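To start, the structure itself, in structure tokens.
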Amino acid sequence: MAQVQPNLLGPWYAGVDYSKPAEELTPQHVFDMQNMRVGQGGEVAQRDGFQRLVASSLGSSNGCTAVGKHKFSSTSSAEYVVCAGVFYELSSGSWTSRKGTMTMSDDDDYHWSFVNANGTLCGHNGKAGDSIVKWTAAGGNLAALSMGSSSVTRAYHWEWWDGRLWCGNSNQSNDQVNYSSDTDITAWGANDLFFIGEELTGVKAFGRRALALHGENGITLLRTTGNATIPYSKDGVSARGTIAHRTILSVRGRQSANVQLFVREDGIYAFSGGEAEKISQSLDGERFWDTVNRDALATDSFAVAHGDRDEAWFFLPVGTSQTKANQILIYDYVRGIWFGPFAGNGATKEWNCAGIIDRIPHTAGFDGYILKLDKTDRLNDENNNGVYADFTTAAPPPVGIDVTNRWLYAMHSFDIEGNYNVTVSHFGQRTPSESVTINQGGGYDAIESAFEIGDSAIAGEDLMATVATKLSGYDSSIQLKYVNNAANEKFTIRRVSAMYAPKGRRTIRGSGVI
């Protein structure tokens with residue numbers, strides 16, 4: 001009789017890989033997932049619910065074009081949003097207009113680019129006729145930002161670097177960046193500018209040492225010279241830049257203190273000072289990146305850096321005809337792994353902008369609501385909609401593709417979350433799918449609902465439980481899928497051991513003697 005052996009799947013330190021068949025992935029890879037994240041211990045856990053920042057809407061048909069929190073000083077900060085052509089401040093739990101006399105169009109296609117210019121919020125949306133604005137104090141209205149003698153009246157990209165305010169892709173030229181005085185953000189010289197020779201698609205500080213000017217066909221770095229007459233030098237360093245300025249993120253890399261991440265049509269890239277390199281190979285192919293609407297990436301994709309978790313969140317339009325961001329792909333830039341996507345199950349399922357408020361990603365949609373997306377301590381999305389969450393393991397053959405195994409049972413290890421059920425299915429190339437339900441109480445009743453004194457078993461905190469389920473079939477490999485779509489429930493799977501007995505190698509039938 002063949003000895004029973006374990007096929008260990010997880011912990012899933014390698015994240016999700018959509019580019020390869022399940023049999024070619026390692027036991028540490030996830031084959032497919034939705035609304036789940038990979039934790040620091042390699043566990044796969046359902047995401048937190050999406051929660052509204054404020055209960056009331058800013059207008060059921062009004063799109064938001066900026067959201068975030070501005071720090072005026074070490075003692076003063078305020079949340080803000082631009083919606084339906086109005087700049088709002090969150091004051092005492094309600095949105096209060098701070099637009100003042102500024103002109104701001106109600107146009108979902110023009111997204112506001114704001115930057116903190118040493119305590120003053122400055123920016124514009126690139127649309128002719130709208131005001132270039134500044135915000136100097138919480139509780140005060142916006143005011144016009146003077147552009148000196150530069151003749152700039154609109155610009156898509158705004159940044160703060162080397163003590164100056166910078167703007168790019170303006171009414172003067174789409175391949176041009178202008179800069180202010182280093183002592184006065186309202187003093188702009190007519191000749192204080194640089195060209196890159198193609199349309200400027202983004203402007204982002206590259207740490208303290210350089211400013212990155214993006215075009216689709218390259219990245220140019222401006223570096224300080226120490227010369228007051230010619231303060232900067234220009235150096236082309238990469239043949240690939242972004243197509244979507246709102247996706248450029250500055251993060252710390254595993255090998256470099258300064259890394260910029262950004263989207264191109266064929267995937268997501270990282271730039272650390274030399275040639276930009278693609279980092280999203282695991283998203284390639286028909287199971288994910290081929291489903292992204294690449295024609296909408298330039299205008300409708302955006303990203304935020306979630307520094308608390310060392311994650312970059314990319315909001316993408318997924319679907320052949322999808323023109324609004326509806327899924328979030330997450331890159332852990334310290335571990336170098338991907339997970340997601342996240343998709344909303346509330347009223348706000350499509351998003352137009354995002355920002356960081358109190359170190360947490362927030363997004364705003366086309367219905368006037370702003371959502372908090374992480375660490376909400378909720379198990380469901382807005383309006384108590386259940387989160388559909390699932391993930392599927394890889395299927396690496398434990399012995400080889402030429403060996404048939406009899407699959408016997410699986411040992412599932414999970415966190416004790418409560419009296420919540422999870423559906424587990426197993427299947428293979430020659431094994432029909434079968435499903436069973438396991439309970440994540442681990443034999444313990446949830447204290448908040450089913451616990452009975454003198455009857456219920458007592459579970460300590462942070463326990464991991466294990467339960468066994470039957471497997472069936474004869475195949476070289478096996479996959480398992482975990483699903484939960486009930487409201488107010490979540491699940492966390494640590495690892496699984498699929499037990500099998502090798503039955504022998506497959507041969508080709510034919511005449512003669514081997």
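Just so we're on the same page: first chain in the structure tokens is A, next is B, and so on; residues restart at 1 for each chain, and ligands are numbered from 1 in the order they show up.
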Taking the DSSP assignment computed from this structure's backbone, write out as a list in words all residues of segment 235-483 of chain A that belong to helix (DSSP H, G or I).
His245, Arg246, Thr247, Gln281, Ser282, Leu283, Trp289, Asp290, Thr291, Arg294, Asp295, Ala296, Leu297, Ala298, Thr299, Asp300, Gly307, Asp308, Arg309, Glu382, Asn383 and Asn384 of chain A
Written file, previous selection with N, CA and C atoms, as a short mmCIF file (atom, residue, chain, number, x, y, z; two decimals), in the first residue's frame:
data_model
loop_
_atom_site.label_atom_id
_atom_site.label_comp_id
_atom_site.auth_asym_id
_atom_site.auth_seq_id
_atom_site.Cartn_x
_atom_site.Cartn_y
_atom_site.Cartn_z
N HIS A 245 -0.68 60.12 -15.51
CA HIS A 245 0.02 60.89 -14.48
C HIS A 245 -0.49 60.63 -13.08
N ARG A 246 -1.76 60.24 -12.94
CA ARG A 246 -2.32 60.03 -11.59
C ARG A 246 -1.88 58.70 -11.00
N THR A 247 -1.15 57.88 -11.76
CA THR A 247 -0.67 56.60 -11.22
C THR A 247 0.77 56.67 -10.71
N GLN A 281 4.68 41.36 -14.33
CA GLN A 281 4.61 40.18 -15.19
C GLN A 281 3.61 39.15 -14.68
N SER A 282 3.44 39.05 -13.37
CA SER A 282 2.50 38.07 -12.83
C SER A 282 1.04 38.44 -13.08
N LEU A 283 0.80 39.65 -13.60
CA LEU A 283 -0.57 40.06 -13.95
C LEU A 283 -0.86 39.86 -15.43
N TRP A 289 -4.51 41.05 -16.99
CA TRP A 289 -4.20 42.30 -17.67
C TRP A 289 -4.89 42.43 -19.03
N ASP A 290 -5.14 41.32 -19.70
CA ASP A 290 -5.85 41.39 -20.98
C ASP A 290 -7.29 41.86 -20.81
N THR A 291 -7.82 41.82 -19.59
CA THR A 291 -9.19 42.28 -19.34
C THR A 291 -9.25 43.77 -18.99
N ARG A 294 -7.25 49.11 -21.86
CA ARG A 294 -6.03 49.90 -21.98
C ARG A 294 -6.29 51.28 -22.58
N ASP A 295 -7.36 51.40 -23.36
CA ASP A 295 -7.68 52.70 -23.95
C ASP A 295 -8.11 53.71 -22.89
N ALA A 296 -8.55 53.23 -21.72
CA ALA A 296 -9.02 54.13 -20.66
C ALA A 296 -7.97 54.35 -19.58
N LEU A 297 -6.83 53.69 -19.68
CA LEU A 297 -5.83 53.79 -18.61
C LEU A 297 -5.30 55.21 -18.44
N ALA A 298 -5.04 55.90 -19.53
CA ALA A 298 -4.41 57.22 -19.45
C ALA A 298 -5.24 58.21 -18.65
N THR A 299 -6.55 58.13 -18.78
CA THR A 299 -7.42 59.11 -18.13
C THR A 299 -8.13 58.59 -16.89
N ASP A 300 -8.33 57.28 -16.80
CA ASP A 300 -9.22 56.76 -15.75
C ASP A 300 -8.54 55.85 -14.74
N GLY A 307 1.25 53.85 2.91
CA GLY A 307 2.51 53.70 3.60
C GLY A 307 2.46 52.84 4.84
N ASP A 308 1.32 52.80 5.53
CA ASP A 308 1.21 51.99 6.74
C ASP A 308 1.42 50.51 6.45
N ARG A 309 1.07 50.09 5.24
CA ARG A 309 1.20 48.68 4.88
C ARG A 309 2.29 48.43 3.85
N GLU A 382 -20.55 49.29 2.26
CA GLU A 382 -21.57 50.29 2.58
C GLU A 382 -22.97 49.72 2.36
N ASN A 383 -23.91 50.18 3.18
CA ASN A 383 -25.31 49.71 3.15
C ASN A 383 -25.42 48.23 3.48
N ASN A 384 -24.42 47.70 4.24
CA ASN A 384 -24.44 46.32 4.73
C ASN A 384 -24.48 45.27 3.63
#
Which of A:Tyr500, A:Tyr369, A:Phe414, A:Tyr80 sits closest to Pro397 of chain A [using only C-alpha atoms]
A:Tyr500
If we count only C-alpha atoms, what is near segment 84-88 of chain A at a cut-off of 7 Å, once residues fewer than 2 positions away on the same chain are taken out, given as a PDB file with N, CA and C atoms, in the first residue's frame?
ATOM      1  N   ASN A  62     -23.151  63.456  -9.175  1.00  0.00           N
ATOM      2  CA  ASN A  62     -21.984  64.325  -9.250  1.00  0.00           C
ATOM      3  C   ASN A  62     -20.700  63.540  -9.010  1.00  0.00           C
ATOM      4  N   GLY A  63     -19.781  63.642  -9.949  1.00  0.00           N
ATOM      5  CA  GLY A  63     -18.511  62.962  -9.809  1.00  0.00           C
ATOM      6  C   GLY A  63     -17.520  63.783  -9.016  1.00  0.00           C
ATOM      7  N   CYS A  64     -16.724  63.091  -8.195  1.00  0.00           N
ATOM      8  CA  CYS A  64     -15.671  63.747  -7.430  1.00  0.00           C
ATOM      9  C   CYS A  64     -14.373  63.671  -8.216  1.00  0.00           C
ATOM     10  N   TYR A  80     -10.427  67.244   2.484  1.00  0.00           N
ATOM     11  CA  TYR A  80     -11.084  68.010   1.427  1.00  0.00           C
ATOM     12  C   TYR A  80     -11.535  67.079   0.314  1.00  0.00           C
ATOM     13  N   VAL A  81     -12.454  67.573  -0.506  1.00  0.00           N
ATOM     14  CA  VAL A  81     -12.907  66.855  -1.694  1.00  0.00           C
ATOM     15  C   VAL A  81     -13.394  67.892  -2.698  1.00  0.00           C
ATOM     16  N   VAL A  82     -13.176  67.604  -3.984  1.00  0.00           N
ATOM     17  CA  VAL A  82     -13.769  68.409  -5.053  1.00  0.00           C
ATOM     18  C   VAL A  82     -14.851  67.568  -5.693  1.00  0.00           C
ATOM     19  N   LEU A  90     -14.083  69.077   5.136  1.00  0.00           N
ATOM     20  CA  LEU A  90     -14.837  68.330   6.136  1.00  0.00           C
ATOM     21  C   LEU A  90     -14.710  69.053   7.463  1.00  0.00           C
ATOM     22  N   TRP A  95     -19.627  68.337   5.107  1.00  0.00           N
ATOM     23  CA  TRP A  95     -18.882  68.991   4.038  1.00  0.00           C
ATOM     24  C   TRP A  95     -19.325  70.450   3.924  1.00  0.00           C
ATOM     25  N   THR A  96     -18.338  71.348   3.981  1.00  0.00           N
ATOM     26  CA  THR A  96     -18.600  72.780   3.904  1.00  0.00           C
ATOM     27  C   THR A  96     -17.851  73.362   2.717  1.00  0.00           C
ATOM     28  N   SER A  97     -18.544  74.115   1.874  1.00  0.00           N
ATOM     29  CA  SER A  97     -17.911  74.687   0.687  1.00  0.00           C
ATOM     30  C   SER A  97     -16.857  75.717   1.071  1.00  0.00           C
ATOM     31  N   ARG A  98     -15.662  75.568   0.460  1.00  0.00           N
ATOM     32  CA  ARG A  98     -14.593  76.552   0.599  1.00  0.00           C
ATOM     33  C   ARG A  98     -14.198  77.064  -0.789  1.00  0.00           C
ATOM     34  N   LYS A  99     -15.099  76.979  -1.713  1.00  0.00           N
ATOM     35  CA  LYS A  99     -14.819  77.386  -3.086  1.00  0.00           C
ATOM     36  C   LYS A  99     -14.613  78.891  -3.200  1.00  0.00           C
ATOM     37  N   MET A 104     -14.616  76.716 -10.848  1.00  0.00           N
ATOM     38  CA  MET A 104     -14.285  75.290 -10.857  1.00  0.00           C
ATOM     39  C   MET A 104     -15.405  74.569 -11.613  1.00  0.00           C
ATOM     40  N   SER A 105     -15.080  73.990 -12.750  1.00  0.00           N
ATOM     41  CA  SER A 105     -16.092  73.370 -13.600  1.00  0.00           C
ATOM     42  C   SER A 105     -16.594  72.051 -13.017  1.00  0.00           C
ATOM     43  N   ASP A 106     -17.853  71.760 -13.274  1.00  0.00           N
ATOM     44  CA  ASP A 106     -18.442  70.458 -12.932  1.00  0.00           C
ATOM     45  C   ASP A 106     -18.173  69.525 -14.106  1.00  0.00           C
TER      46      ASP A 106
END
Near segment 232-244 of chain A, counting only C-alpha atoms, which residues have an atom at most 8 Å away, once you skip same-chain residues fewer than 2 positions from it, shown as an MDAnalysis selection string?
chainID A and resid 201:202 214:227 230 246:248 262:265 273:276 297:299 301:302
What would the file look like if the residues just selected were written as a CSV table (one decimal), in the first residue's frame with N, CA, C and O atoms?
chain,number,residue,atom,x,y,z
A,201,THR,N,3.6,63.8,-19.5
A,201,THR,CA,2.5,62.9,-18.9
A,201,THR,C,2.5,62.9,-17.4
A,201,THR,O,1.7,62.2,-16.8
A,202,GLY,N,3.5,63.5,-16.8
A,202,GLY,CA,3.6,63.5,-15.3
A,202,GLY,C,4.8,64.2,-14.8
A,202,GLY,O,5.9,64.2,-15.5
A,214,HIS,N,8.0,63.0,-16.8
A,214,HIS,CA,7.5,61.8,-17.5
A,214,HIS,C,6.9,62.2,-18.9
A,214,HIS,O,6.1,63.1,-19.0
A,215,GLY,N,7.3,61.4,-19.9
A,215,GLY,CA,6.6,61.3,-21.2
A,215,GLY,C,6.4,59.9,-21.5
A,215,GLY,O,7.0,59.0,-20.9
A,216,GLU,N,5.5,59.5,-22.3
A,216,GLU,CA,5.2,58.1,-22.6
A,216,GLU,C,6.5,57.4,-23.1
A,216,GLU,O,6.8,56.3,-22.8
A,217,ASN,N,7.4,58.2,-23.8
A,217,ASN,CA,8.6,57.6,-24.4
A,217,ASN,C,9.8,57.9,-23.6
A,217,ASN,O,11.0,57.7,-24.2
A,218,GLY,N,9.7,58.3,-22.4
A,218,GLY,CA,11.0,58.5,-21.6
A,218,GLY,C,10.7,59.3,-20.4
A,218,GLY,O,9.7,59.9,-20.1
A,219,ILE,N,11.8,59.2,-19.5
A,219,ILE,CA,11.8,60.0,-18.2
A,219,ILE,C,13.0,60.9,-18.3
A,219,ILE,O,14.1,60.4,-18.5
A,220,THR,N,12.8,62.1,-18.0
A,220,THR,CA,13.9,63.1,-17.9
A,220,THR,C,14.1,63.5,-16.5
A,220,THR,O,13.1,63.9,-15.8
A,221,LEU,N,15.3,63.5,-16.0
A,221,LEU,CA,15.6,64.0,-14.6
A,221,LEU,C,16.1,65.4,-14.6
A,221,LEU,O,17.1,65.7,-15.4
A,222,LEU,N,15.6,66.2,-13.8
A,222,LEU,CA,16.2,67.5,-13.5
A,222,LEU,C,17.0,67.4,-12.2
A,222,LEU,O,16.4,66.9,-11.2
A,223,ARG,N,18.2,67.8,-12.2
A,223,ARG,CA,19.1,67.7,-11.0
A,223,ARG,C,19.6,69.1,-10.7
A,223,ARG,O,19.8,69.9,-11.6
A,224,THR,N,19.8,69.4,-9.4
A,224,THR,CA,20.3,70.7,-9.0
A,224,THR,C,21.8,70.8,-9.4
A,224,THR,O,22.5,69.8,-9.3
A,225,THR,N,22.2,72.0,-9.7
A,225,THR,CA,23.6,72.2,-10.1
A,225,THR,C,24.4,73.0,-9.1
A,225,THR,O,25.6,73.0,-9.2
A,226,GLY,N,23.7,73.8,-8.2
A,226,GLY,CA,24.4,74.7,-7.3
A,226,GLY,C,24.7,76.0,-7.9
A,226,GLY,O,25.3,76.9,-7.3
A,227,ASN,N,24.3,76.2,-9.2
A,227,ASN,CA,24.6,77.4,-9.9
A,227,ASN,C,23.3,78.3,-9.9
A,227,ASN,O,22.3,77.8,-10.4
A,230,ILE,N,22.0,79.0,-13.7
A,230,ILE,CA,21.5,77.8,-14.3
A,230,ILE,C,21.3,76.7,-13.2
A,230,ILE,O,22.2,75.9,-12.9
A,246,ARG,N,-1.8,60.2,-12.9
A,246,ARG,CA,-2.3,60.0,-11.6
A,246,ARG,C,-1.9,58.7,-11.0
A,246,ARG,O,-2.2,58.4,-9.8
A,247,THR,N,-1.1,57.9,-11.8
A,247,THR,CA,-0.7,56.6,-11.2
A,247,THR,C,0.8,56.7,-10.7
A,247,THR,O,1.3,55.7,-10.2
A,248,ILE,N,1.5,57.8,-10.9
A,248,ILE,CA,2.9,57.9,-10.4
A,248,ILE,C,2.9,57.9,-8.9
A,248,ILE,O,2.3,58.8,-8.3
A,262,PHE,N,4.4,53.3,-11.8
A,262,PHE,CA,3.5,53.9,-12.7
A,262,PHE,C,2.9,52.9,-13.7
A,262,PHE,O,3.5,51.9,-13.9
A,263,VAL,N,1.9,53.3,-14.3
A,263,VAL,CA,1.2,52.5,-15.3
A,263,VAL,C,1.5,52.8,-16.7
A,263,VAL,O,1.7,54.0,-17.1
A,264,ARG,N,1.7,51.8,-17.5
A,264,ARG,CA,1.8,51.9,-19.0
A,264,ARG,C,0.8,50.9,-19.5
A,264,ARG,O,0.2,50.2,-18.8
A,265,GLU,N,0.6,51.0,-20.8
A,265,GLU,CA,-0.4,50.1,-21.4
A,265,GLU,C,-0.2,48.6,-21.2
A,265,GLU,O,-1.2,47.9,-21.1
A,273,GLY,N,15.9,55.3,-11.2
A,273,GLY,CA,17.0,56.2,-11.6
A,273,GLY,C,17.6,55.8,-12.9
A,273,GLY,O,18.3,56.6,-13.5
A,274,GLY,N,17.5,54.5,-13.3
A,274,GLY,CA,18.0,54.1,-14.6
A,274,GLY,C,16.8,53.8,-15.6
A,274,GLY,O,15.9,54.5,-15.6
A,275,GLU,N,16.9,52.7,-16.3
A,275,GLU,CA,15.8,52.3,-17.2
A,275,GLU,C,14.7,51.7,-16.4
A,275,GLU,O,14.8,50.9,-15.5
A,276,ALA,N,13.5,52.2,-16.6
A,276,ALA,CA,12.3,51.7,-16.0
A,276,ALA,C,12.0,50.3,-16.3
A,276,ALA,O,12.2,49.9,-17.5
A,297,LEU,N,-6.8,53.7,-19.7
A,297,LEU,CA,-5.8,53.8,-18.6
A,297,LEU,C,-5.3,55.2,-18.4
A,297,LEU,O,-5.1,55.7,-17.3
A,298,ALA,N,-5.0,55.9,-19.5
A,298,ALA,CA,-4.4,57.2,-19.4
A,298,ALA,C,-5.2,58.2,-18.6
A,298,ALA,O,-4.7,59.0,-17.9
A,299,THR,N,-6.5,58.1,-18.8
A,299,THR,CA,-7.4,59.1,-18.1
A,299,THR,C,-8.1,58.6,-16.9
A,299,THR,O,-8.5,59.4,-16.0
A,301,SER,N,-7.2,55.7,-14.8
A,301,SER,CA,-6.5,54.9,-13.8
A,301,SER,C,-5.8,55.9,-12.9
A,301,SER,O,-5.4,57.0,-13.3
A,302,PHE,N,-5.7,55.5,-11.6
A,302,PHE,CA,-5.0,56.3,-10.6
A,302,PHE,C,-4.5,55.4,-9.5
A,302,PHE,O,-4.8,54.2,-9.5
Using only C-alpha atoms, determine which residues lie at most 7 Å from Phe194 of chain A, disregarding the query and same-chain residues fewer than 6 positions distant; provide the list as a count of residues only.
3
Residues at most 10 Å from segment 127-129 of chain A, counting only C-alpha atoms, excluding those fewer than 2 positions away in the same chain, as a list in words?
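The filter keeps Thr103, Met104, Ser105, Asp107, Asp109, Tyr110, His111, Trp112, His124, Asn125, Ser131, Ile132, Thr153, Arg154, Ala155, Tyr156, Ser170 and Asn171 of chain A.
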Produce a file of the selected residues containing all heavy atoms, as a short mmCIF file (atom, residue, chain, number, x, y, z; two decimals), in the first residue's frame.
data_model
loop_
_atom_site.label_atom_id
_atom_site.label_comp_id
_atom_site.auth_asym_id
_atom_site.auth_seq_id
_atom_site.Cartn_x
_atom_site.Cartn_y
_atom_site.Cartn_z
N THR A 103 -13.45 79.81 -9.93
CA THR A 103 -14.17 79.11 -11.00
C THR A 103 -13.69 77.67 -11.04
O THR A 103 -12.49 77.40 -11.25
CB THR A 103 -13.91 79.77 -12.36
OG1 THR A 103 -14.36 81.12 -12.32
CG2 THR A 103 -14.65 79.03 -13.46
N MET A 104 -14.62 76.72 -10.85
CA MET A 104 -14.28 75.29 -10.86
C MET A 104 -15.41 74.57 -11.61
O MET A 104 -16.55 74.55 -11.16
CB MET A 104 -14.15 74.73 -9.43
CG MET A 104 -13.16 75.50 -8.57
SD MET A 104 -13.01 74.87 -6.88
CE MET A 104 -12.02 73.41 -7.14
N SER A 105 -15.08 73.99 -12.75
CA SER A 105 -16.09 73.37 -13.60
C SER A 105 -16.59 72.05 -13.02
O SER A 105 -15.85 71.32 -12.37
CB SER A 105 -15.53 73.11 -15.00
OG SER A 105 -15.10 74.30 -15.61
N ASP A 107 -16.99 68.92 -14.11
CA ASP A 107 -16.58 68.09 -15.24
C ASP A 107 -15.77 66.92 -14.72
O ASP A 107 -14.64 67.08 -14.24
CB ASP A 107 -15.74 68.92 -16.23
CG ASP A 107 -15.56 68.22 -17.56
OD1 ASP A 107 -15.56 66.97 -17.58
OD2 ASP A 107 -15.42 68.92 -18.58
N ASP A 109 -14.17 64.68 -16.18
CA ASP A 109 -13.00 64.30 -16.96
C ASP A 109 -11.76 65.11 -16.62
O ASP A 109 -10.66 64.78 -17.09
CB ASP A 109 -13.30 64.45 -18.45
CG ASP A 109 -14.36 63.48 -18.92
OD1 ASP A 109 -14.45 62.38 -18.34
OD2 ASP A 109 -15.13 63.82 -19.84
N TYR A 110 -11.90 66.16 -15.83
CA TYR A 110 -10.76 67.00 -15.45
C TYR A 110 -10.49 66.80 -13.95
O TYR A 110 -11.22 67.31 -13.11
CB TYR A 110 -11.03 68.46 -15.77
CG TYR A 110 -10.95 68.77 -17.25
CD1 TYR A 110 -12.05 68.58 -18.08
CD2 TYR A 110 -9.76 69.22 -17.82
CE1 TYR A 110 -11.97 68.84 -19.44
CE2 TYR A 110 -9.67 69.48 -19.17
CZ TYR A 110 -10.78 69.29 -19.98
OH TYR A 110 -10.69 69.55 -21.33
N HIS A 111 -9.47 66.04 -13.67
CA HIS A 111 -9.15 65.68 -12.29
C HIS A 111 -8.16 66.69 -11.71
O HIS A 111 -7.16 67.03 -12.34
CB HIS A 111 -8.56 64.27 -12.24
CG HIS A 111 -9.40 63.25 -12.93
ND1 HIS A 111 -9.18 62.85 -14.23
CD2 HIS A 111 -10.49 62.57 -12.51
CE1 HIS A 111 -10.08 61.95 -14.58
NE2 HIS A 111 -10.89 61.76 -13.55
N TRP A 112 -8.43 67.12 -10.50
CA TRP A 112 -7.59 68.13 -9.88
C TRP A 112 -6.28 67.52 -9.39
O TRP A 112 -6.27 66.44 -8.79
CB TRP A 112 -8.33 68.81 -8.73
CG TRP A 112 -9.30 69.83 -9.24
CD1 TRP A 112 -10.55 69.60 -9.75
CD2 TRP A 112 -9.07 71.23 -9.34
NE1 TRP A 112 -11.12 70.78 -10.16
CE2 TRP A 112 -10.23 71.80 -9.92
CE3 TRP A 112 -8.01 72.07 -9.00
CZ2 TRP A 112 -10.36 73.17 -10.16
CZ3 TRP A 112 -8.13 73.43 -9.24
CH2 TRP A 112 -9.29 73.97 -9.81
N HIS A 124 -4.43 72.70 -9.89
CA HIS A 124 -5.36 73.00 -10.99
C HIS A 124 -5.75 71.69 -11.63
O HIS A 124 -5.18 70.63 -11.34
CB HIS A 124 -4.69 73.93 -12.02
CG HIS A 124 -5.66 74.56 -12.98
ND1 HIS A 124 -5.62 74.31 -14.33
CD2 HIS A 124 -6.68 75.42 -12.77
CE1 HIS A 124 -6.58 75.01 -14.92
NE2 HIS A 124 -7.23 75.69 -13.99
N ASN A 125 -6.75 71.74 -12.52
CA ASN A 125 -7.21 70.53 -13.20
C ASN A 125 -6.88 70.50 -14.69
O ASN A 125 -7.26 69.57 -15.40
CB ASN A 125 -8.72 70.36 -13.02
CG ASN A 125 -9.51 71.53 -13.60
OD1 ASN A 125 -8.93 72.49 -14.12
ND2 ASN A 125 -10.83 71.45 -13.51
N SER A 131 -9.96 78.26 -12.29
CA SER A 131 -8.96 79.02 -11.53
C SER A 131 -7.82 78.13 -11.06
O SER A 131 -8.05 76.98 -10.64
CB SER A 131 -9.61 79.66 -10.31
OG SER A 131 -10.71 80.49 -10.67
N ILE A 132 -6.61 78.65 -11.14
CA ILE A 132 -5.48 78.03 -10.46
C ILE A 132 -5.56 78.50 -9.00
O ILE A 132 -5.62 79.70 -8.74
CB ILE A 132 -4.14 78.44 -11.08
CG1 ILE A 132 -4.09 77.96 -12.54
CG2 ILE A 132 -2.97 77.85 -10.30
CD1 ILE A 132 -2.85 78.41 -13.29
N THR A 153 -1.93 79.82 -17.48
CA THR A 153 -3.31 79.96 -17.02
C THR A 153 -3.97 78.63 -16.68
O THR A 153 -5.05 78.59 -16.10
CB THR A 153 -4.15 80.67 -18.08
OG1 THR A 153 -4.12 79.91 -19.30
CG2 THR A 153 -3.62 82.08 -18.35
N ARG A 154 -3.33 77.54 -17.06
CA ARG A 154 -3.82 76.20 -16.71
C ARG A 154 -2.66 75.22 -16.80
O ARG A 154 -1.70 75.45 -17.55
CB ARG A 154 -4.95 75.75 -17.64
CG ARG A 154 -4.52 75.60 -19.09
CD ARG A 154 -5.57 74.89 -19.93
NE ARG A 154 -5.15 74.77 -21.32
CZ ARG A 154 -4.34 73.81 -21.78
NH1 ARG A 154 -3.87 72.89 -20.94
NH2 ARG A 154 -3.99 73.77 -23.06
N ALA A 155 -2.72 74.12 -16.04
CA ALA A 155 -1.69 73.08 -16.10
C ALA A 155 -2.23 71.81 -15.46
O ALA A 155 -2.93 71.86 -14.44
CB ALA A 155 -0.42 73.53 -15.40
N TYR A 156 -1.89 70.67 -16.06
CA TYR A 156 -2.40 69.38 -15.58
C TYR A 156 -1.63 68.83 -14.38
O TYR A 156 -2.20 68.18 -13.50
CB TYR A 156 -2.33 68.35 -16.70
CG TYR A 156 -3.39 68.51 -17.76
CD1 TYR A 156 -3.07 69.13 -18.97
CD2 TYR A 156 -4.68 68.06 -17.57
CE1 TYR A 156 -4.04 69.29 -19.96
CE2 TYR A 156 -5.65 68.20 -18.54
CZ TYR A 156 -5.32 68.82 -19.75
OH TYR A 156 -6.29 68.98 -20.71
N SER A 170 0.98 72.71 -19.80
CA SER A 170 0.16 73.90 -19.58
C SER A 170 -0.36 74.46 -20.89
O SER A 170 -0.16 73.88 -21.96
CB SER A 170 1.01 74.97 -18.88
OG SER A 170 2.03 75.45 -19.75
N ASN A 171 -1.02 75.61 -20.80
CA ASN A 171 -1.52 76.30 -21.99
C ASN A 171 -0.39 76.78 -22.89
O ASN A 171 -0.57 76.97 -24.10
CB ASN A 171 -2.38 77.50 -21.59
CG ASN A 171 -1.63 78.47 -20.71
OD1 ASN A 171 -1.35 78.17 -19.55
ND2 ASN A 171 -1.29 79.65 -21.24
#
Figure out the distance between atom CA of Ala486 of chain A and atom CA of Gly42 of chain A, please, to one decimal in Å.
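Result for atom CA of Gly42 of chain A versus atom CA of Ala486 of chain A: 23.8 Å, one decimal.
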Extract the full set of strand (DSSP E or B) residues from segment 300-485 of chain A according to DSSP on the backbone, and format it as number ranges by chain.
A: 302-306, 311-316, 318, 325, 327-332, 337-342, 351-357, 360-365, 370-372, 380-381, 385-386, 389-393, 403-415, 421-428, 431-439, 464-470, 474-475, 479-484
In Å, how far is it from atom CA of Phe427 of chain A to atom CA of Ala501 of chain A?
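Atom-to-atom, atom CA of Phe427 of chain A to atom CA of Ala501 of chain A, that is 16.4 Å.
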Closest to Asp415 of chain A among A:Cys83, A:Leu463, A:Leu379, A:Cys167, using only C-alpha atoms?
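Answer, going by the shortest atom-to-atom distance: A:Leu463.
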Check the smallest atom-to-atom distance from each of A:Leu9, A:Lys470, A:Ser146, A:Gln34 to Asn485 of chain A using only C-alpha atoms, then report the winner.
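Residue with the minimum atom-to-atom distance to Asn485 of chain A: A:Gln34.
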Counting only C-alpha atoms, figure out which residue out of A:Ile478, A:Val133, A:Ala410, A:Met147 gets nearest to Pro432 of chain A.
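Closest to Pro432 of chain A, using only C-alpha atoms: A:Ile478.
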Which residue out of A:Gln28, A:Thr437, A:Ser173, A:Ser413 has the minimum interatomic distance to Ile337 of chain A when only C-alpha atoms are used?
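Using only C-alpha atoms, the shortest distance to Ile337 of chain A belongs to A:Gln28.
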Do you know which residues are at most 6 Å from segment 316-319 of chain A counting only C-alpha atoms, after dropping those on the same chain fewer than 5 positions away, and could you put them as a ChimeraX atom specification?
/A:291-293,301,324-327
Find the residues of segment 1-85 of chain A that sit at most 10 Å from segment 473-477 of chain A; for each, write down the nearest two atoms and how far apart they are in Å, to one decimal. Count only C-alpha atoms. Sort by chain, then by number going up, and give it as a tab-separated table.
residue	atom	partner	partner_atom	distance
A:Asn7	CA	A:Ser477	CA	9.1
A:Ala22	CA	A:Ser477	CA	9.5
A:Glu23	CA	A:Ser477	CA	7.4
Atom pair atom CA of Val424 of chain A / atom CA of Asn439 of chain A: separation (Å):
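If I compute the distance from atom CA of Val424 of chain A to atom CA of Asn439 of chain A, I get 10.5 Å.
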